[in-house]
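As stored in model08.csv (CSV, C-alpha atoms):
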chain,number,residue,atom,x,y,z
A,1,MET,CA,125.7,113.2,89.9
A,2,PRO,CA,125.8,109.7,91.5
A,3,ARG,CA,129.0,107.8,91.3
A,4,SER,CA,128.9,105.0,88.7
A,5,ASP,CA,129.8,102.4,91.3
A,6,ARG,CA,127.1,103.5,93.8
A,7,ARG,CA,124.5,100.9,94.6
A,8,VAL,CA,121.2,100.8,96.4
A,9,SER,CA,121.9,99.0,99.7
A,10,PHE,CA,118.5,97.9,101.0
A,11,LEU,CA,115.0,97.1,99.8
A,12,VAL,CA,111.7,96.7,101.5
A,13,ALA,CA,110.9,93.9,99.1
A,14,GLY,CA,107.6,92.5,100.5
A,15,VAL,CA,104.8,91.9,101.1
A,16,GLN,CA,102.1,93.9,99.4
A,17,LYS,CA,99.3,95.1,101.8
A,18,GLY,CA,101.6,94.2,104.7
A,19,GLY,CA,102.3,97.7,106.0
A,20,THR,CA,105.1,98.6,103.6
A,21,SER,CA,103.7,102.1,102.9
A,22,ALA,CA,103.8,102.9,106.6
A,23,LEU,CA,107.3,101.4,106.8
A,24,PHE,CA,108.4,103.5,103.8
A,25,GLU,CA,107.3,106.7,105.6
A,26,TYR,CA,109.0,105.7,108.8
A,27,LEU,CA,112.3,105.0,107.0
A,28,ARG,CA,112.2,108.4,105.4
A,29,GLU,CA,112.4,109.9,108.9
A,30,ILE,CA,115.7,108.2,109.7
A,31,PRO,CA,118.4,110.7,108.9
A,32,ALA,CA,121.0,108.2,107.8
A,33,LEU,CA,118.8,106.8,105.1
A,34,GLN,CA,117.7,108.1,101.7
A,35,LEU,CA,114.6,106.8,100.0
A,36,PRO,CA,113.0,108.2,96.8
A,37,GLU,CA,110.2,110.7,97.0
A,38,VAL,CA,107.7,108.2,95.7
A,39,LYS,CA,107.3,104.6,97.0
A,40,GLU,CA,107.7,101.7,94.6
A,41,ALA,CA,110.4,102.2,92.0
A,42,HIS,CA,109.4,98.9,90.2
A,43,PHE,CA,112.8,98.6,88.7
A,44,PHE,CA,113.6,94.9,89.2
A,45,ASP,CA,110.2,93.8,88.1
A,46,ASP,CA,110.2,95.9,84.9
A,47,GLU,CA,109.5,93.6,82.0
A,48,GLU,CA,109.4,96.2,79.2
A,49,GLY,CA,111.6,99.2,80.1
A,50,VAL,CA,114.8,97.4,81.0
A,51,ASP,CA,117.0,95.1,78.8
A,52,TRP,CA,118.0,92.5,81.4
A,53,SER,CA,120.7,91.1,79.3
A,54,ALA,CA,122.6,94.4,79.8
A,55,PRO,CA,120.6,96.5,82.3
A,56,ASP,CA,121.1,100.3,82.4
A,57,HIS,CA,121.0,101.3,86.1
A,58,VAL,CA,121.2,105.1,85.4
A,59,PRO,CA,117.5,105.7,85.4
A,60,TYR,CA,117.1,103.8,88.6
A,61,HIS,CA,119.9,105.8,90.3
A,62,ARG,CA,118.3,109.0,89.2
A,63,LEU,CA,115.8,108.4,92.0
A,64,PHE,CA,118.5,109.2,94.5
A,65,VAL,CA,121.1,112.0,95.1
A,66,GLU,CA,124.7,111.6,96.2
A,67,ASP,CA,124.7,113.0,99.7
A,68,GLY,CA,126.4,110.3,101.7
A,69,ARG,CA,123.3,108.6,103.0
A,70,MET,CA,122.4,105.0,102.5
A,71,TRP,CA,120.2,104.4,99.5
A,72,GLY,CA,117.1,102.2,99.8
A,73,GLU,CA,113.6,101.8,98.3
A,74,ALA,CA,110.4,99.9,98.8
A,75,THR,CA,108.7,97.9,96.1
A,76,PRO,CA,106.9,95.0,97.8
A,77,ILE,CA,106.3,93.0,94.6
A,78,TYR,CA,110.0,92.1,94.4
A,79,LEU,CA,109.6,89.1,96.8
A,80,TYR,CA,106.7,87.7,94.7
A,81,TRP,CA,107.5,88.5,91.1
A,82,PRO,CA,109.6,86.0,89.0
A,83,ASN,CA,113.2,86.9,88.3
A,84,ALA,CA,113.0,90.1,90.4
A,85,LEU,CA,115.2,88.8,93.3
A,86,GLU,CA,117.6,87.2,90.8
A,87,ARG,CA,118.0,90.6,89.2
A,88,VAL,CA,118.5,92.2,92.6
A,89,ARG,CA,121.3,89.8,93.4
A,90,ALA,CA,123.0,90.4,90.0
A,91,TYR,CA,122.8,94.2,90.7
A,92,ASN,CA,124.0,94.0,94.3
A,93,PRO,CA,124.8,90.6,95.9
A,94,ASP,CA,125.2,92.4,99.3
A,95,MET,CA,121.7,93.8,99.2
A,96,LYS,CA,119.8,93.7,102.5
A,97,LEU,CA,116.1,92.8,102.2
A,98,ILE,CA,113.5,93.9,104.7
A,99,LEU,CA,110.5,91.6,104.5
A,100,LEU,CA,107.3,92.5,106.2
A,101,PHE,CA,104.7,89.7,106.6
A,102,ARG,CA,101.0,89.9,107.4
A,103,ASP,CA,98.5,87.1,108.0
A,104,PRO,CA,97.9,85.8,104.5
A,105,VAL,CA,94.1,85.7,104.8
A,106,GLU,CA,94.0,89.3,106.0
A,107,ARG,CA,96.4,90.2,103.2
A,108,ALA,CA,94.3,88.6,100.5
A,109,TRP,CA,91.2,90.4,101.7
A,110,SER,CA,92.9,93.8,101.9
A,111,HIS,CA,94.4,93.2,98.5
A,112,TRP,CA,91.0,92.5,97.0
A,113,LYS,CA,89.5,95.6,98.6
A,114,MET,CA,92.3,97.7,97.1
A,115,GLU,CA,91.9,96.4,93.6
A,116,TYR,CA,88.1,96.8,93.8
A,117,ALA,CA,88.4,100.3,95.0
A,118,LYS,CA,90.7,101.0,92.1
A,119,ARG,CA,88.1,99.5,89.7
A,120,LYS,CA,90.7,97.0,88.5
A,121,GLU,CA,88.5,94.3,90.1
A,122,THR,CA,84.7,93.9,89.5
A,123,GLU,CA,84.1,90.3,90.9
A,124,PRO,CA,83.2,89.3,94.4
A,125,PHE,CA,85.9,88.1,96.7
A,126,ALA,CA,84.6,84.6,97.1
A,127,TRP,CA,84.7,84.0,93.4
A,128,CYS,CA,88.1,85.7,93.0
A,129,ILE,CA,89.8,83.3,95.5
A,130,ARG,CA,88.3,80.2,93.9
A,131,GLU,CA,87.3,80.2,90.3
A,132,GLY,CA,88.9,83.6,89.7
A,133,ARG,CA,92.4,82.1,90.1
A,134,ALA,CA,92.2,80.9,86.5
A,135,ARG,CA,92.8,84.5,85.5
A,136,MET,CA,96.3,84.2,86.7
A,137,ALA,CA,97.3,83.0,83.2
A,138,GLU,CA,95.8,86.1,81.5
A,139,GLY,CA,97.8,89.2,80.4
A,140,THR,CA,101.0,88.3,82.1
A,141,PRO,CA,104.5,87.2,80.9
A,142,TYR,CA,104.5,84.6,83.6
A,143,PRO,CA,101.4,82.3,83.7
A,144,GLY,CA,100.6,81.7,87.4
A,145,PHE,CA,101.8,85.2,88.4
A,146,HIS,CA,99.6,88.3,88.1
A,147,ARG,CA,100.0,91.8,89.3
A,148,VAL,CA,96.3,92.4,90.1
A,149,PHE,CA,94.5,89.0,90.6
A,150,SER,CA,97.1,87.4,92.8
A,151,TYR,CA,95.0,87.6,96.0
A,152,VAL,CA,95.8,84.0,97.0
A,153,GLU,CA,99.2,83.5,95.4
A,154,ARG,CA,100.9,86.4,97.1
A,155,GLY,CA,100.2,84.7,100.4
A,156,PHE,CA,102.3,81.6,99.6
A,157,TYR,CA,105.0,82.9,101.8
A,158,GLY,CA,106.9,79.6,102.2
A,159,ARG,CA,108.0,79.3,98.6
A,160,GLN,CA,108.7,83.1,98.4
A,161,LEU,CA,111.0,83.0,101.4
A,162,ALA,CA,112.7,79.8,100.3
A,163,ARG,CA,113.6,81.5,97.0
A,164,ALA,CA,114.9,84.6,98.8
A,165,LEU,CA,117.1,82.3,101.1
A,166,HIS,CA,118.3,80.4,98.0
A,167,LEU,CA,119.6,83.7,96.6
A,168,PHE,CA,120.8,85.6,99.7
A,169,PRO,CA,122.3,84.5,103.0
A,170,SER,CA,120.0,84.7,105.9
A,171,ASN,CA,122.0,87.5,107.6
A,172,GLN,CA,120.9,89.8,104.7
A,173,LEU,CA,117.2,89.2,105.4
A,174,LEU,CA,115.2,90.9,108.2
A,175,LEU,CA,111.9,89.2,108.7
A,176,LEU,CA,109.2,91.3,110.4
A,177,GLU,CA,105.5,91.1,111.4
A,178,SER,CA,103.3,93.8,110.2
A,179,ALA,CA,101.3,93.6,113.4
A,180,ARG,CA,104.4,94.5,115.4
A,181,LEU,CA,105.2,97.5,113.2
A,182,SER,CA,101.7,98.8,113.8
A,183,ALA,CA,101.8,98.1,117.6
A,184,GLU,CA,105.4,99.1,118.4
A,185,PRO,CA,107.0,101.1,115.5
A,186,ASP,CA,109.9,102.4,117.7
A,187,THR,CA,111.1,98.9,118.5
A,188,VAL,CA,110.8,97.7,115.0
A,189,LEU,CA,112.6,100.7,113.6
A,190,ALA,CA,115.4,100.1,116.1
A,191,GLU,CA,115.7,96.6,114.8
A,192,ILE,CA,115.9,97.9,111.2
A,193,CYS,CA,118.5,100.4,112.1
A,194,ALA,CA,120.7,97.7,113.8
A,195,PHE,CA,120.2,95.5,110.7
A,196,LEU,CA,121.3,98.3,108.4
A,197,GLY,CA,124.1,99.5,110.7
A,198,VAL,CA,122.8,103.1,111.0
A,199,PRO,CA,122.0,105.2,114.1
A,200,GLU,CA,118.5,105.1,115.4
A,201,PRO,CA,116.4,108.3,115.2
A,202,GLU,CA,116.7,110.4,118.3
A,203,ALA,CA,113.0,111.5,118.4
A,204,PRO,CA,110.2,109.0,119.0
A,205,ILE,CA,108.5,107.7,115.9
A,206,ARG,CA,105.0,109.0,115.4
A,207,PRO,CA,102.7,106.0,114.8
A,208,ARG,CA,100.9,106.2,111.5
A,209,ARG,CA,98.7,104.2,109.2
A,210,VAL,CA,99.1,104.7,105.5
A,211,ARG,CA,96.9,103.5,102.6
A,212,THR,CA,94.2,102.0,104.7
A,213,ALA,CA,91.2,100.5,102.9
A,214,HIS,CA,89.1,103.0,100.9
A,215,GLU,CA,85.9,103.9,102.6
A,216,MET,CA,83.1,102.6,100.3
A,217,ILE,CA,80.5,99.9,100.0
A,218,TYR,CA,82.0,96.7,98.9
A,219,PRO,CA,80.0,93.9,97.3
A,220,SER,CA,81.6,91.2,99.5
A,221,GLU,CA,82.2,90.4,103.1
A,222,LEU,CA,85.0,88.2,104.5
A,223,THR,CA,83.0,85.2,105.5
A,224,ASN,CA,83.9,82.3,107.7
A,225,ALA,CA,83.7,80.0,104.7
A,226,ASP,CA,86.3,82.2,102.9
A,227,VAL,CA,88.6,82.2,105.9
A,228,ASP,CA,88.4,78.4,106.3
A,229,TYR,CA,89.0,77.9,102.6
A,230,LEU,CA,92.1,80.1,102.6
A,231,ARG,CA,93.4,78.7,105.9
A,232,ASP,CA,93.3,75.2,104.3
A,233,LEU,CA,95.1,76.5,101.2
A,234,TYR,CA,97.8,78.1,103.2
A,235,HIS,CA,98.3,75.3,105.8
A,236,THR,CA,101.3,73.6,104.2
A,237,GLU,CA,102.8,76.9,103.0
A,238,LEU,CA,102.6,78.5,106.4
A,239,ALA,CA,104.3,75.4,108.0
A,240,ARG,CA,107.1,75.7,105.6
A,241,PHE,CA,107.3,79.5,106.1
A,242,HIS,CA,107.5,79.2,109.9
A,243,HIS,CA,110.2,76.6,109.6
A,244,LEU,CA,112.3,78.9,107.4
A,245,VAL,CA,111.7,81.8,109.8
A,246,GLU,CA,113.0,79.7,112.7
A,247,ARG,CA,116.0,78.6,110.7
A,248,CYS,CA,116.8,82.2,109.6
A,249,ASN,CA,116.5,83.5,113.1
A,250,GLN,CA,118.7,80.8,114.4
A,251,ASN,CA,121.4,81.5,111.9
A,252,ARG,CA,121.2,85.2,112.8
A,253,ALA,CA,121.6,84.4,116.5
A,254,GLU,CA,124.5,82.1,115.9
A,255,ALA,CA,126.3,84.9,113.9
A,256,PHE,CA,126.4,87.2,116.9
Now that the file is in, can you turn its structure into C-alpha cells?
Amino acid sequence: MPRSDRRVSFLVAGVQKGGTSALFEYLREIPALQLPEVKEAHFFDDEEGVDWSAPDHVPYHRLFVEDGRMWGEATPIYLYWPNALERVRAYNPDMKLILLFRDPVERAWSHWKMEYAKRKETEPFAWCIREGRARMAEGTPYPGFHRVFSYVERGFYGRQLARALHLFPSNQLLLLESARLSAEPDTVLAEICAFLGVPEPEAPIRPRRVRTAHEMIYPSELTNADVDYLRDLYHTELARFHHLVERCNQNRAEAF
C-alpha cells in the first residue's frame, strides 16, 4: 500500500493535442519514473467525483504502487481547466509541471479533427472557430470553458502560462515545444530527466507518434482564411506567451 504521505511529484499538464500522448509513452520507458497504465487520470479537473473542500487522495494514489520510483501522470487539461492548478498546488506545492506547447492554429485544427472523429462534433471547422464559440457556455460548470468545443480557447497560451506562474515558481515549470519532441526525443527526454533529477535512460529512445489524426474523410479543410482568422485572434496572446517563456527561461538560467 502507498504511504499516506506519498505524493505525485510531476505532471504533464498541457497542452491537449500537443504531443502529450507520445511524451507519456516516452516517460514510461524511463526506469526511475512510474506513471499509471492509462494516460489522463483527470483527478484535479474532476468536478463531480471529488469533494474539493476535503479531497480524498486515496483513489488517485491507487493508480500507483509503492516501489521507490517517482510518481507522475499526464492529464493535459490541467493547464486549461479552471481551478485544476490551484488544486494541484494545494495537493503538492512542490509539484513539477511539464508543459508541451504546439502552434495554436495546428492545435485547434487537430483538436477539431479528434472530436469530429469521435462524433462529439458534427459542425464544420470554420463555423466552430467563429459562431460555434457561443457553445462554450453550454453544459459546463464554467461558462467560457468547455471540454469539447474549446478549439480556440485552449490556444490562449499566454493567460494559461501566466496563471501557472502565479501559482508555481518558474523553476518548477519545464516549457517544451512539441515540434522538438517529435524531431529530437532523446534531447528533450534528457532535459526532462535533468528537470526531474533522475538518470537518463541508457538506451536510445525509439521515436514514435501516438494518437495521430484518424484516417477518414472530414467535411472541412484548414483554409488560409481560417489560419489568418486564428493568427489574428492569437496575436496578443502569443506575444504575452513568448514574453513569459523568455522570463521563465531567464529565471531558470539565473538559478544555475
- Query: Which neighbours of A:Arg6 fall inside 12 Å, counting only C-alpha atoms, when residues of the same chain fewer than 6 positions from it are skipped, and could you give them as a list in words?
  - Reply: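 Here the qualifying residues turn out to be His57, Val58, Tyr60, His61, Arg62, Phe64, Val65, Glu66, Asp67, Gly68, Arg69, Met70, Trp71, Gly72, Tyr91 and Asn92 of chain A.
Considering only C-alpha atoms, the residue among A:Ala32, A:Leu173, A:Leu27, A:Leu165 positioned nearest to A:Gly197 is A:Ala32.
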- Gap from atom CA of A:Ile98 to atom CA of A:Phe195 - Å, one decimal: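 Atom CA of A:Ile98 sits 9.1 Å away from atom CA of A:Phe195.
Distances to A:Pro143 were evaluated for A:Pro31, A:Pro59, A:Pro76, A:Pro82 using all atoms listed in the file, and the minimum falls at A:Pro82.
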- Message: Let me make sure I understand: among A:Cys248, A:Ile217, A:Leu189, A:Val8, which one has the smallest atom-to-atom distance to A:Phe24 if we use all atoms listed in the file?
- Response: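 For A:Phe24, the nearest of the given residues is A:Leu189.
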- Distance criterion (all atoms listed in the file): nearest to A:Phe149 out of A:Leu176, A:Val188, A:Ala90, A:Met114: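 The shortest atom-to-atom distance to A:Phe149 comes from A:Met114.
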- Find the residues near A:Pro124: any atom within 12 Å, counting all atoms listed in the file, skip ones fewer than 4 places away on the same chain, and give them as a ChimeraX atom specification. /A:109,112-113,115-116,128-132,149,218-223,226
Each stretch 49-160 of chain A residue no farther than 12 Å from stretch 229-232 of chain A, nearest pair in Å, all atoms listed in the file, as a Markdown table:
| residue | atom | partner | partner_atom | distance |
| --- | --- | --- | --- | --- |
| A:Asp103 | CA | A:Arg231 | CA | 10.0 |
| A:Pro104 | CA | A:Leu230 | CA | 8.4 |
| A:Val105 | CA | A:Leu230 | CA | 6.3 |
| A:Glu106 | CA | A:Leu230 | CA | 10.0 |
| A:Arg107 | CA | A:Leu230 | CA | 11.0 |
| A:Ala108 | CA | A:Leu230 | CA | 9.0 |
| A:Trp109 | CA | A:Leu230 | CA | 10.4 |
| A:Phe125 | CA | A:Leu230 | CA | 11.7 |
| A:Ala126 | CA | A:Tyr229 | CA | 9.7 |
| A:Trp127 | CA | A:Tyr229 | CA | 11.8 |
| A:Cys128 | CA | A:Leu230 | CA | 11.8 |
| A:Ile129 | CA | A:Leu230 | CA | 8.1 |
| A:Arg130 | CA | A:Tyr229 | CA | 9.0 |
| A:Tyr151 | CA | A:Leu230 | CA | 10.4 |
| A:Val152 | CA | A:Leu230 | CA | 7.8 |
| A:Glu153 | CA | A:Leu230 | CA | 10.7 |
| A:Gly155 | CA | A:Leu230 | CA | 9.6 |
| A:Phe156 | CA | A:Leu230 | CA | 10.7 |
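Among the candidates A:Asp46, A:Arg159, A:Cys193, A:Leu181, the one nearest to A:Ala239 when counting all atoms listed in the file is A:Arg159.
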- For atom CA of A:Gly19 and atom CA of A:Arg87, determine how far apart the two atoms are, in Å to one decimal place. 24.1 Å
